[in-house]
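The structure appears right after this line, and notes come after that.
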Amino acid sequence: QANALEDLTTQGIDALVALPHNSDELTDPIRQVKSKGVFVTVVDRALSDQSIQDLYVAGNNPELGRVAGTYIKDTLGTGDVVVIRGLPIVIDEERIKGFDEAIAGSGIKVLDKQFGNWSRDDAFKVMQDYLAKYPKIDAVWCQDDDMAVGVLEAIKQANRSDIKFVVGGAGMKDMVKKVMDGDKMIPVDVLYPPAMVAVAMDLTAANLYDHLPVRGRYILDATLVTKENAKEFYY
């Protein structure tokens, strides 16, 4: 991404829309872009120095964790849960904090938390590890639908029937379809709008061409997708 930024800025750009893979590592390269007078929009993963970004467009990370935690607490009442985190960056911490606050003081016990790097392959391996370590798991929270794909595969291969459900997040079409169809393993999904890059592009264009005051933070809702409302999010 840093190399791509260098290539782009030599072409002379007016605005940049970036979704950093690792926001810490991309902060300085984007700072260099900003120093050339470029309007900077950051999507999803905030830079470590947020003064660089003119516009920040993201899902509601603390709320994504809180909504997932509340659903697990209300549905299970008591039970043993494993958690698969994303990457060790700010938005992961925000999600975990929201989740922990939602289940605080309840009968939900978190057996383990490990990073799955928002990758279905890595989450598959983490889930295999959990399945080997824990003879009883009631539910799984993984921060991302991609990781949920790996989690479901690991559960299927291990032929485990103790796990009641998996809660992911993002609004992946395949997962929304499972919710719509009443899949017992994926009863809900937590929205982290996958079209947010399009929103960021629209707002950046509005700044350039309509001269609208779009600077600041634009945070999208973390809606709980259920069988009742899933049709709205299936596209």
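Chain identifiers are assigned as A, B, and so on, following the order in which chains appear in the structure tokens; residues are numbered from 1 within each chain, and ligands are numbered from 1 in order of appearance.
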Pick out the residues sitting within 12 Å of Val199 of chain A, and hand them over as a short mmCIF file (atom, residue, chain, number, x, y, z; two decimals) with N, CA and C atoms, in the first residue's frame; count only C-alpha atoms, and ignore anything fewer than 2 positions along from it in its own chain.
```cif
data_model
loop_
_atom_site.label_atom_id
_atom_site.label_comp_id
_atom_site.auth_asym_id
_atom_site.auth_seq_id
_atom_site.Cartn_x
_atom_site.Cartn_y
_atom_site.Cartn_z
N VAL A 17 -8.68 8.32 -1.24
CA VAL A 17 -9.54 7.52 -0.38
C VAL A 17 -8.77 6.23 -0.09
N THR A 41 -9.24 11.01 2.73
CA THR A 41 -10.36 10.27 3.33
C THR A 41 -9.84 8.90 3.74
N VAL A 42 -10.04 8.55 5.00
CA VAL A 42 -9.63 7.23 5.49
C VAL A 42 -10.88 6.42 5.80
N VAL A 43 -10.89 5.17 5.35
CA VAL A 43 -12.04 4.29 5.52
C VAL A 43 -11.70 3.16 6.50
N ASP A 44 -12.59 2.93 7.45
CA ASP A 44 -12.57 1.76 8.31
C ASP A 44 -11.50 1.78 9.40
N LEU A 55 -11.36 13.34 6.43
CA LEU A 55 -12.65 12.67 6.56
C LEU A 55 -12.39 11.22 6.97
N TYR A 56 -13.19 10.73 7.91
CA TYR A 56 -13.09 9.34 8.35
C TYR A 56 -14.46 8.69 8.21
N VAL A 57 -14.55 7.62 7.43
CA VAL A 57 -15.81 6.91 7.22
C VAL A 57 -15.64 5.48 7.74
N ALA A 58 -16.50 5.07 8.65
CA ALA A 58 -16.34 3.73 9.23
C ALA A 58 -17.66 3.22 9.77
N GLY A 59 -17.67 1.93 10.04
CA GLY A 59 -18.76 1.35 10.79
C GLY A 59 -18.55 1.70 12.25
N PRO A 193 -21.24 -1.97 7.38
CA PRO A 193 -21.66 -1.88 5.99
C PRO A 193 -20.54 -2.10 4.96
N PRO A 194 -20.65 -3.16 4.14
CA PRO A 194 -19.59 -3.45 3.18
C PRO A 194 -19.48 -2.40 2.08
N ALA A 195 -20.53 -1.58 1.92
CA ALA A 195 -20.49 -0.55 0.87
C ALA A 195 -19.93 0.79 1.38
N MET A 196 -19.26 0.77 2.54
CA MET A 196 -18.80 2.05 3.10
C MET A 196 -17.75 2.75 2.24
N VAL A 197 -16.99 1.98 1.43
CA VAL A 197 -16.03 2.61 0.53
C VAL A 197 -16.77 3.48 -0.48
N MET A 201 -16.34 7.44 -1.14
CA MET A 201 -16.09 8.03 -2.47
C MET A 201 -17.10 9.15 -2.76
N ASP A 202 -18.38 8.88 -2.43
CA ASP A 202 -19.43 9.89 -2.66
C ASP A 202 -19.15 11.18 -1.89
N LEU A 203 -18.78 11.01 -0.61
CA LEU A 203 -18.53 12.18 0.24
C LEU A 203 -17.29 12.95 -0.21
N THR A 204 -16.27 12.21 -0.65
CA THR A 204 -15.04 12.86 -1.13
C THR A 204 -15.34 13.65 -2.40
N ALA A 205 -16.13 13.06 -3.29
CA ALA A 205 -16.53 13.75 -4.52
C ALA A 205 -17.36 14.99 -4.20
N ALA A 206 -18.23 14.86 -3.18
CA ALA A 206 -19.06 16.01 -2.77
C ALA A 206 -18.17 17.16 -2.30
N VAL A 214 -17.76 18.38 4.24
CA VAL A 214 -17.86 16.97 4.63
C VAL A 214 -16.74 16.54 5.58
N TYR A 218 -17.81 10.15 9.84
CA TYR A 218 -19.09 9.66 9.33
C TYR A 218 -19.20 8.20 9.75
N ILE A 219 -19.95 7.94 10.81
CA ILE A 219 -20.00 6.60 11.39
C ILE A 219 -21.34 5.93 11.07
N LEU A 220 -21.28 4.73 10.48
CA LEU A 220 -22.47 4.01 10.05
C LEU A 220 -22.94 3.04 11.14
#
```
From the DSSP assignment of the backbone, select every residue of segment 20-229 of chain A that is strand (DSSP E), and format the answer as a ChimeraX atom specification.
-> /A:39-43,55-59,78-85,107-115,139-142,165-167,189-190,216-220,224-225
Residues within 8 Å of segment 140-148 of chain A, please, as a PDB file with all heavy atoms, in the first residue's frame. Count only C-alpha atoms; anything in the same chain fewer than 2 positions from it doesn't count.
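Below is the file that was written, part20.pdb:
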```pdb
ATOM      1  N   GLY A  65     -19.194  -4.612  18.618  1.00  0.00           N
ATOM      2  CA  GLY A  65     -18.891  -5.508  19.735  1.00  0.00           C
ATOM      3  C   GLY A  65     -20.035  -5.567  20.733  1.00  0.00           C
ATOM      4  O   GLY A  65     -20.394  -6.643  21.224  1.00  0.00           O
ATOM      5  N   ALA A  68     -23.105  -7.572  19.365  1.00  0.00           N
ATOM      6  CA  ALA A  68     -22.813  -9.014  19.373  1.00  0.00           C
ATOM      7  C   ALA A  68     -22.855  -9.563  20.796  1.00  0.00           C
ATOM      8  O   ALA A  68     -23.461 -10.607  21.061  1.00  0.00           O
ATOM      9  CB  ALA A  68     -21.446  -9.271  18.741  1.00  0.00           C
ATOM     10  N   VAL A  81     -17.999 -19.115  25.965  1.00  0.00           N
ATOM     11  CA  VAL A  81     -17.849 -18.504  24.642  1.00  0.00           C
ATOM     12  C   VAL A  81     -16.365 -18.366  24.298  1.00  0.00           C
ATOM     13  O   VAL A  81     -15.561 -18.067  25.182  1.00  0.00           O
ATOM     14  CB  VAL A  81     -18.536 -17.113  24.626  1.00  0.00           C
ATOM     15  CG1 VAL A  81     -18.273 -16.368  23.331  1.00  0.00           C
ATOM     16  CG2 VAL A  81     -20.038 -17.256  24.844  1.00  0.00           C
ATOM     17  N   VAL A  82     -16.029 -18.578  23.022  1.00  0.00           N
ATOM     18  CA  VAL A  82     -14.677 -18.260  22.547  1.00  0.00           C
ATOM     19  C   VAL A  82     -14.769 -17.080  21.585  1.00  0.00           C
ATOM     20  O   VAL A  82     -15.790 -16.899  20.908  1.00  0.00           O
ATOM     21  CB  VAL A  82     -13.991 -19.463  21.866  1.00  0.00           C
ATOM     22  CG1 VAL A  82     -13.655 -20.543  22.882  1.00  0.00           C
ATOM     23  CG2 VAL A  82     -14.821 -20.027  20.721  1.00  0.00           C
ATOM     24  N   VAL A  83     -13.705 -16.294  21.560  1.00  0.00           N
ATOM     25  CA  VAL A  83     -13.673 -15.063  20.761  1.00  0.00           C
ATOM     26  C   VAL A  83     -12.507 -15.127  19.785  1.00  0.00           C
ATOM     27  O   VAL A  83     -11.395 -15.513  20.158  1.00  0.00           O
ATOM     28  CB  VAL A  83     -13.526 -13.824  21.683  1.00  0.00           C
ATOM     29  CG1 VAL A  83     -13.272 -12.561  20.869  1.00  0.00           C
ATOM     30  CG2 VAL A  83     -14.759 -13.663  22.559  1.00  0.00           C
ATOM     31  N   ILE A  84     -12.765 -14.749  18.538  1.00  0.00           N
ATOM     32  CA  ILE A  84     -11.683 -14.602  17.557  1.00  0.00           C
ATOM     33  C   ILE A  84     -11.606 -13.135  17.174  1.00  0.00           C
ATOM     34  O   ILE A  84     -12.551 -12.564  16.622  1.00  0.00           O
ATOM     35  CB  ILE A  84     -11.901 -15.498  16.323  1.00  0.00           C
ATOM     36  CG1 ILE A  84     -12.034 -16.958  16.766  1.00  0.00           C
ATOM     37  CG2 ILE A  84     -10.729 -15.334  15.347  1.00  0.00           C
ATOM     38  CD1 ILE A  84     -12.165 -17.957  15.644  1.00  0.00           C
ATOM     39  N   ARG A  85     -10.476 -12.541  17.534  1.00  0.00           N
ATOM     40  CA  ARG A  85     -10.255 -11.115  17.286  1.00  0.00           C
ATOM     41  C   ARG A  85      -9.771 -10.885  15.856  1.00  0.00           C
ATOM     42  O   ARG A  85      -9.544 -11.835  15.110  1.00  0.00           O
ATOM     43  CB  ARG A  85      -9.231 -10.574  18.283  1.00  0.00           C
ATOM     44  CG  ARG A  85      -9.641 -10.786  19.728  1.00  0.00           C
ATOM     45  CD  ARG A  85      -8.635 -10.261  20.714  1.00  0.00           C
ATOM     46  NE  ARG A  85      -8.459  -8.809  20.616  1.00  0.00           N
ATOM     47  CZ  ARG A  85      -7.876  -8.047  21.536  1.00  0.00           C
ATOM     48  NH1 ARG A  85      -7.413  -8.605  22.647  1.00  0.00           N
ATOM     49  NH2 ARG A  85      -7.758  -6.745  21.381  1.00  0.00           N
ATOM     50  N   GLY A  86      -9.602  -9.598  15.493  1.00  0.00           N
ATOM     51  CA  GLY A  86      -9.121  -9.278  14.151  1.00  0.00           C
ATOM     52  C   GLY A  86      -7.611  -9.145  14.120  1.00  0.00           C
ATOM     53  O   GLY A  86      -6.880 -10.119  14.286  1.00  0.00           O
ATOM     54  N   ARG A  95     -13.843  -2.909  19.299  1.00  0.00           N
ATOM     55  CA  ARG A  95     -14.852  -3.975  19.222  1.00  0.00           C
ATOM     56  C   ARG A  95     -14.828  -4.847  20.471  1.00  0.00           C
ATOM     57  O   ARG A  95     -15.875  -5.172  21.030  1.00  0.00           O
ATOM     58  CB  ARG A  95     -14.612  -4.836  17.969  1.00  0.00           C
ATOM     59  CG  ARG A  95     -14.886  -4.097  16.680  1.00  0.00           C
ATOM     60  CD  ARG A  95     -14.564  -4.937  15.461  1.00  0.00           C
ATOM     61  NE  ARG A  95     -14.777  -4.179  14.235  1.00  0.00           N
ATOM     62  CZ  ARG A  95     -14.723  -4.693  13.015  1.00  0.00           C
ATOM     63  NH1 ARG A  95     -14.467  -5.977  12.847  1.00  0.00           N
ATOM     64  NH2 ARG A  95     -14.934  -3.931  11.950  1.00  0.00           N
ATOM     65  N   GLY A 116      -7.417 -13.706  14.703  1.00  0.00           N
ATOM     66  CA  GLY A 116      -7.635 -14.454  13.461  1.00  0.00           C
ATOM     67  C   GLY A 116      -7.299 -13.628  12.239  1.00  0.00           C
ATOM     68  O   GLY A 116      -7.450 -14.075  11.103  1.00  0.00           O
ATOM     69  N   TRP A 118      -8.635 -11.324  10.633  1.00  0.00           N
ATOM     70  CA  TRP A 118      -9.717 -11.102   9.671  1.00  0.00           C
ATOM     71  C   TRP A 118      -9.526 -11.975   8.426  1.00  0.00           C
ATOM     72  O   TRP A 118      -9.839 -11.567   7.312  1.00  0.00           O
ATOM     73  CB  TRP A 118      -9.857  -9.609   9.311  1.00  0.00           C
ATOM     74  CG  TRP A 118     -10.410  -8.828  10.444  1.00  0.00           C
ATOM     75  CD1 TRP A 118     -11.474  -9.166  11.236  1.00  0.00           C
ATOM     76  CD2 TRP A 118      -9.927  -7.582  10.967  1.00  0.00           C
ATOM     77  NE1 TRP A 118     -11.674  -8.197  12.201  1.00  0.00           N
ATOM     78  CE2 TRP A 118     -10.748  -7.224  12.069  1.00  0.00           C
ATOM     79  CE3 TRP A 118      -8.897  -6.729  10.608  1.00  0.00           C
ATOM     80  CZ2 TRP A 118     -10.565  -6.067  12.801  1.00  0.00           C
ATOM     81  CZ3 TRP A 118      -8.707  -5.571  11.346  1.00  0.00           C
ATOM     82  CH2 TRP A 118      -9.528  -5.246  12.430  1.00  0.00           C
ATOM     83  N   SER A 119      -9.018 -13.174   8.641  1.00  0.00           N
ATOM     84  CA  SER A 119      -8.751 -14.101   7.544  1.00  0.00           C
ATOM     85  C   SER A 119      -9.477 -15.416   7.823  1.00  0.00           C
ATOM     86  O   SER A 119      -9.407 -15.943   8.934  1.00  0.00           O
ATOM     87  CB  SER A 119      -7.243 -14.349   7.441  1.00  0.00           C
ATOM     88  OG  SER A 119      -6.963 -15.622   6.919  1.00  0.00           O
ATOM     89  N   ARG A 120     -10.169 -15.954   6.823  1.00  0.00           N
ATOM     90  CA  ARG A 120     -10.906 -17.199   7.051  1.00  0.00           C
ATOM     91  C   ARG A 120      -9.950 -18.371   7.335  1.00  0.00           C
ATOM     92  O   ARG A 120     -10.259 -19.251   8.130  1.00  0.00           O
ATOM     93  CB  ARG A 120     -11.867 -17.508   5.916  1.00  0.00           C
ATOM     94  CG  ARG A 120     -11.257 -17.782   4.561  1.00  0.00           C
ATOM     95  CD  ARG A 120     -12.334 -18.023   3.504  1.00  0.00           C
ATOM     96  NE  ARG A 120     -13.116 -16.809   3.244  1.00  0.00           N
ATOM     97  CZ  ARG A 120     -14.151 -16.748   2.426  1.00  0.00           C
ATOM     98  NH1 ARG A 120     -14.559 -17.846   1.804  1.00  0.00           N
ATOM     99  NH2 ARG A 120     -14.804 -15.633   2.218  1.00  0.00           N
ATOM    100  N   ASP A 121      -8.762 -18.367   6.692  1.00  0.00           N
ATOM    101  CA  ASP A 121      -7.789 -19.444   6.927  1.00  0.00           C
ATOM    102  C   ASP A 121      -7.222 -19.387   8.343  1.00  0.00           C
ATOM    103  O   ASP A 121      -7.107 -20.411   9.018  1.00  0.00           O
ATOM    104  CB  ASP A 121      -6.642 -19.365   5.912  1.00  0.00           C
ATOM    105  CG  ASP A 121      -7.109 -19.682   4.496  1.00  0.00           C
ATOM    106  OD1 ASP A 121      -8.156 -20.351   4.353  1.00  0.00           O
ATOM    107  OD2 ASP A 121      -6.443 -19.258   3.533  1.00  0.00           O
ATOM    108  N   ASP A 122      -6.871 -18.179   8.784  1.00  0.00           N
ATOM    109  CA  ASP A 122      -6.320 -18.026  10.138  1.00  0.00           C
ATOM    110  C   ASP A 122      -7.386 -18.350  11.188  1.00  0.00           C
ATOM    111  O   ASP A 122      -7.098 -18.993  12.204  1.00  0.00           O
ATOM    112  CB  ASP A 122      -5.796 -16.608  10.357  1.00  0.00           C
ATOM    113  CG  ASP A 122      -4.545 -16.320   9.526  1.00  0.00           C
ATOM    114  OD1 ASP A 122      -4.023 -17.280   8.918  1.00  0.00           O
ATOM    115  OD2 ASP A 122      -4.097 -15.162   9.479  1.00  0.00           O
ATOM    116  N   ALA A 123      -8.620 -17.905  10.929  1.00  0.00           N
ATOM    117  CA  ALA A 123      -9.713 -18.179  11.879  1.00  0.00           C
ATOM    118  C   ALA A 123      -9.998 -19.680  11.942  1.00  0.00           C
ATOM    119  O   ALA A 123     -10.312 -20.216  13.010  1.00  0.00           O
ATOM    120  CB  ALA A 123     -10.971 -17.418  11.465  1.00  0.00           C
ATOM    121  N   PHE A 124      -9.880 -20.345  10.810  1.00  0.00           N
ATOM    122  CA  PHE A 124     -10.058 -21.803  10.761  1.00  0.00           C
ATOM    123  C   PHE A 124      -9.057 -22.484  11.702  1.00  0.00           C
ATOM    124  O   PHE A 124      -9.412 -23.363  12.491  1.00  0.00           O
ATOM    125  CB  PHE A 124      -9.867 -22.287   9.322  1.00  0.00           C
ATOM    126  CG  PHE A 124      -9.869 -23.785   9.155  1.00  0.00           C
ATOM    127  CD1 PHE A 124     -11.058 -24.503   9.171  1.00  0.00           C
ATOM    128  CD2 PHE A 124      -8.678 -24.474   8.971  1.00  0.00           C
ATOM    129  CE1 PHE A 124     -11.061 -25.889   9.013  1.00  0.00           C
ATOM    130  CE2 PHE A 124      -8.669 -25.851   8.816  1.00  0.00           C
ATOM    131  CZ  PHE A 124      -9.863 -26.566   8.832  1.00  0.00           C
ATOM    132  N   ILE A 137     -18.075 -25.763  24.168  1.00  0.00           N
ATOM    133  CA  ILE A 137     -18.163 -24.356  23.759  1.00  0.00           C
ATOM    134  C   ILE A 137     -19.617 -24.116  23.371  1.00  0.00           C
ATOM    135  O   ILE A 137     -20.187 -24.857  22.574  1.00  0.00           O
ATOM    136  CB  ILE A 137     -17.242 -24.059  22.545  1.00  0.00           C
ATOM    137  CG1 ILE A 137     -15.765 -24.303  22.894  1.00  0.00           C
ATOM    138  CG2 ILE A 137     -17.444 -22.626  22.052  1.00  0.00           C
ATOM    139  CD1 ILE A 137     -14.831 -24.302  21.690  1.00  0.00           C
ATOM    140  N   ASP A 138     -20.218 -23.084  23.943  1.00  0.00           N
ATOM    141  CA  ASP A 138     -21.633 -22.810  23.640  1.00  0.00           C
ATOM    142  C   ASP A 138     -21.825 -21.914  22.417  1.00  0.00           C
ATOM    143  O   ASP A 138     -22.777 -22.075  21.666  1.00  0.00           O
ATOM    144  CB  ASP A 138     -22.320 -22.179  24.861  1.00  0.00           C
ATOM    145  CG  ASP A 138     -22.463 -23.183  25.991  1.00  0.00           C
ATOM    146  OD1 ASP A 138     -23.096 -24.230  25.764  1.00  0.00           O
ATOM    147  OD2 ASP A 138     -21.922 -22.939  27.087  1.00  0.00           O
ATOM    148  N   GLY A 150     -14.432 -19.604   8.065  1.00  0.00           N
ATOM    149  CA  GLY A 150     -13.417 -20.536   8.557  1.00  0.00           C
ATOM    150  C   GLY A 150     -13.853 -21.256   9.818  1.00  0.00           C
ATOM    151  O   GLY A 150     -13.607 -22.454   9.986  1.00  0.00           O
ATOM    152  N   VAL A 151     -14.530 -20.519  10.701  1.00  0.00           N
ATOM    153  CA  VAL A 151     -15.009 -21.083  11.965  1.00  0.00           C
ATOM    154  C   VAL A 151     -16.028 -22.205  11.695  1.00  0.00           C
ATOM    155  O   VAL A 151     -15.940 -23.297  12.266  1.00  0.00           O
ATOM    156  CB  VAL A 151     -15.645 -19.980  12.850  1.00  0.00           C
ATOM    157  CG1 VAL A 151     -16.430 -20.580  14.012  1.00  0.00           C
ATOM    158  CG2 VAL A 151     -14.565 -19.042  13.368  1.00  0.00           C
ATOM    159  N   LEU A 152     -16.979 -21.930  10.813  1.00  0.00           N
ATOM    160  CA  LEU A 152     -18.010 -22.930  10.490  1.00  0.00           C
ATOM    161  C   LEU A 152     -17.390 -24.190   9.892  1.00  0.00           C
ATOM    162  O   LEU A 152     -17.813 -25.315  10.199  1.00  0.00           O
ATOM    163  CB  LEU A 152     -19.048 -22.335   9.519  1.00  0.00           C
ATOM    164  CG  LEU A 152     -19.967 -21.261  10.085  1.00  0.00           C
ATOM    165  CD1 LEU A 152     -20.787 -20.629   8.967  1.00  0.00           C
ATOM    166  CD2 LEU A 152     -20.888 -21.808  11.166  1.00  0.00           C
ATOM    167  N   ILE A 163     -21.699 -26.579  19.953  1.00  0.00           N
ATOM    168  CA  ILE A 163     -21.722 -25.142  19.638  1.00  0.00           C
ATOM    169  C   ILE A 163     -23.085 -24.777  19.068  1.00  0.00           C
ATOM    170  O   ILE A 163     -23.518 -25.298  18.036  1.00  0.00           O
ATOM    171  CB  ILE A 163     -20.588 -24.773  18.663  1.00  0.00           C
ATOM    172  CG1 ILE A 163     -19.234 -25.058  19.331  1.00  0.00           C
ATOM    173  CG2 ILE A 163     -20.658 -23.302  18.263  1.00  0.00           C
ATOM    174  CD1 ILE A 163     -18.134 -25.406  18.404  1.00  0.00           C
ATOM    175  N   PHE A 165     -24.299 -21.600  18.205  1.00  0.00           N
ATOM    176  CA  PHE A 165     -24.315 -20.625  17.106  1.00  0.00           C
ATOM    177  C   PHE A 165     -23.005 -19.840  17.051  1.00  0.00           C
ATOM    178  O   PHE A 165     -22.209 -19.846  17.989  1.00  0.00           O
ATOM    179  CB  PHE A 165     -25.506 -19.670  17.224  1.00  0.00           C
ATOM    180  CG  PHE A 165     -25.549 -18.871  18.500  1.00  0.00           C
ATOM    181  CD1 PHE A 165     -24.864 -17.672  18.625  1.00  0.00           C
ATOM    182  CD2 PHE A 165     -26.297 -19.325  19.594  1.00  0.00           C
ATOM    183  CE1 PHE A 165     -24.910 -16.936  19.809  1.00  0.00           C
ATOM    184  CE2 PHE A 165     -26.343 -18.601  20.773  1.00  0.00           C
ATOM    185  CZ  PHE A 165     -25.647 -17.396  20.880  1.00  0.00           C
ATOM    186  N   VAL A 166     -22.830 -19.162  15.912  1.00  0.00           N
ATOM    187  CA  VAL A 166     -21.662 -18.301  15.666  1.00  0.00           C
ATOM    188  C   VAL A 166     -22.192 -16.915  15.319  1.00  0.00           C
ATOM    189  O   VAL A 166     -23.117 -16.782  14.518  1.00  0.00           O
ATOM    190  CB  VAL A 166     -20.813 -18.841  14.488  1.00  0.00           C
ATOM    191  CG1 VAL A 166     -19.653 -17.901  14.173  1.00  0.00           C
ATOM    192  CG2 VAL A 166     -20.305 -20.245  14.787  1.00  0.00           C
ATOM    193  N   VAL A 167     -21.619 -15.881  15.927  1.00  0.00           N
ATOM    194  CA  VAL A 167     -21.977 -14.498  15.569  1.00  0.00           C
ATOM    195  C   VAL A 167     -20.768 -13.850  14.905  1.00  0.00           C
ATOM    196  O   VAL A 167     -19.692 -13.786  15.493  1.00  0.00           O
ATOM    197  CB  VAL A 167     -22.394 -13.673  16.811  1.00  0.00           C
ATOM    198  CG1 VAL A 167     -22.698 -12.228  16.404  1.00  0.00           C
ATOM    199  CG2 VAL A 167     -23.609 -14.295  17.494  1.00  0.00           C
ATOM    200  N   GLY A 168     -20.954 -13.417  13.671  1.00  0.00           N
ATOM    201  CA  GLY A 168     -19.898 -12.709  12.949  1.00  0.00           C
ATOM    202  C   GLY A 168     -20.253 -11.244  12.831  1.00  0.00           C
ATOM    203  O   GLY A 168     -20.928 -10.674  13.690  1.00  0.00           O
ATOM    204  N   GLY A 169     -19.834 -10.645  11.741  1.00  0.00           N
ATOM    205  CA  GLY A 169     -20.150  -9.234  11.529  1.00  0.00           C
ATOM    206  C   GLY A 169     -19.633  -8.771  10.188  1.00  0.00           C
ATOM    207  O   GLY A 169     -18.621  -9.265   9.707  1.00  0.00           O
ATOM    208  N   ALA A 170     -20.351  -7.845   9.573  1.00  0.00           N
ATOM    209  CA  ALA A 170     -19.954  -7.146   8.347  1.00  0.00           C
ATOM    210  C   ALA A 170     -21.102  -7.050   7.361  1.00  0.00           C
ATOM    211  O   ALA A 170     -21.237  -6.075   6.656  1.00  0.00           O
ATOM    212  CB  ALA A 170     -18.742  -7.760   7.661  1.00  0.00           C
ATOM    213  N   GLY A 171     -21.950  -8.084   7.296  1.00  0.00           N
ATOM    214  CA  GLY A 171     -23.042  -8.033   6.327  1.00  0.00           C
ATOM    215  C   GLY A 171     -22.677  -8.717   5.026  1.00  0.00           C
ATOM    216  O   GLY A 171     -23.182  -8.352   3.964  1.00  0.00           O
ATOM    217  N   MET A 172     -21.772  -9.726   5.077  1.00  0.00           N
ATOM    218  CA  MET A 172     -21.439 -10.492   3.885  1.00  0.00           C
ATOM    219  C   MET A 172     -22.718 -11.145   3.340  1.00  0.00           C
ATOM    220  O   MET A 172     -23.511 -11.705   4.095  1.00  0.00           O
ATOM    221  CB  MET A 172     -20.411 -11.572   4.234  1.00  0.00           C
ATOM    222  CG  MET A 172     -19.952 -12.390   3.039  1.00  0.00           C
ATOM    223  SD  MET A 172     -19.081 -13.888   3.547  1.00  0.00           S
ATOM    224  CE  MET A 172     -17.488 -13.238   3.961  1.00  0.00           C
ATOM    225  N   MET A 175     -23.631 -14.639   4.457  1.00  0.00           N
ATOM    226  CA  MET A 175     -24.071 -14.737   5.855  1.00  0.00           C
ATOM    227  C   MET A 175     -25.487 -14.188   6.039  1.00  0.00           C
ATOM    228  O   MET A 175     -26.288 -14.738   6.793  1.00  0.00           O
ATOM    229  CB  MET A 175     -23.089 -14.000   6.773  1.00  0.00           C
ATOM    230  CG  MET A 175     -21.738 -14.674   6.883  1.00  0.00           C
ATOM    231  SD  MET A 175     -21.900 -16.343   7.548  1.00  0.00           S
ATOM    232  CE  MET A 175     -20.286 -17.004   7.197  1.00  0.00           C
TER     233      MET A 175
END
```
Between A:Arg160, A:Leu64, A:Lys184, A:Leu19, which is the closest to Ala200 of chain A once you count only C-alpha atoms?
-> A:Leu19
Would you kindly return, as a list in words, each protein, DNA or RNA residue with an atom no farther than 7 Å from any atom of segment 1-6 of chain A, considering only C-alpha atoms and excluding same-chain residues fewer than 2 positions away?
-> Leu8, Thr9, Thr10, Leu26 and Pro29 of chain A
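One finds atom CA of Asn159 of chain A at 12.8 Å from atom CA of Met127 of chain A.
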Step one, run DSSP on the backbone; step two, keep only residues of segment 27-197 of chain A assigned to helix (DSSP H, G or I); then write them as a ChimeraX atom specification.
-> /A:27-34,61-76,90-103,120-133,145-158,173-180,196-197
What lies within 8 Å of Arg31 of chain A using only C-alpha atoms, ignoring chain neighbours under 4 positions off, as a PDB file with N, CA, C and O atoms, in the first residue's frame?
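Here's the written file part14.pdb:
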```
ATOM      1  N   THR A  27       0.345   5.272   8.383  1.00  0.00           N
ATOM      2  CA  THR A  27       0.177   6.655   8.849  1.00  0.00           C
ATOM      3  C   THR A  27       1.218   7.600   8.230  1.00  0.00           C
ATOM      4  O   THR A  27       0.853   8.660   7.707  1.00  0.00           O
ATOM      5  N   SER A  35       0.860  16.167   2.955  1.00  0.00           N
ATOM      6  CA  SER A  35       1.754  17.345   2.908  1.00  0.00           C
ATOM      7  C   SER A  35       1.769  18.004   1.529  1.00  0.00           C
ATOM      8  O   SER A  35       2.190  19.134   1.378  1.00  0.00           O
ATOM      9  N   ILE A  52      -4.270  13.788  10.436  1.00  0.00           N
ATOM     10  CA  ILE A  52      -3.896  13.725   9.009  1.00  0.00           C
ATOM     11  C   ILE A  52      -5.146  13.580   8.140  1.00  0.00           C
ATOM     12  O   ILE A  52      -5.213  14.111   7.041  1.00  0.00           O
TER      13      ILE A  52
END
```
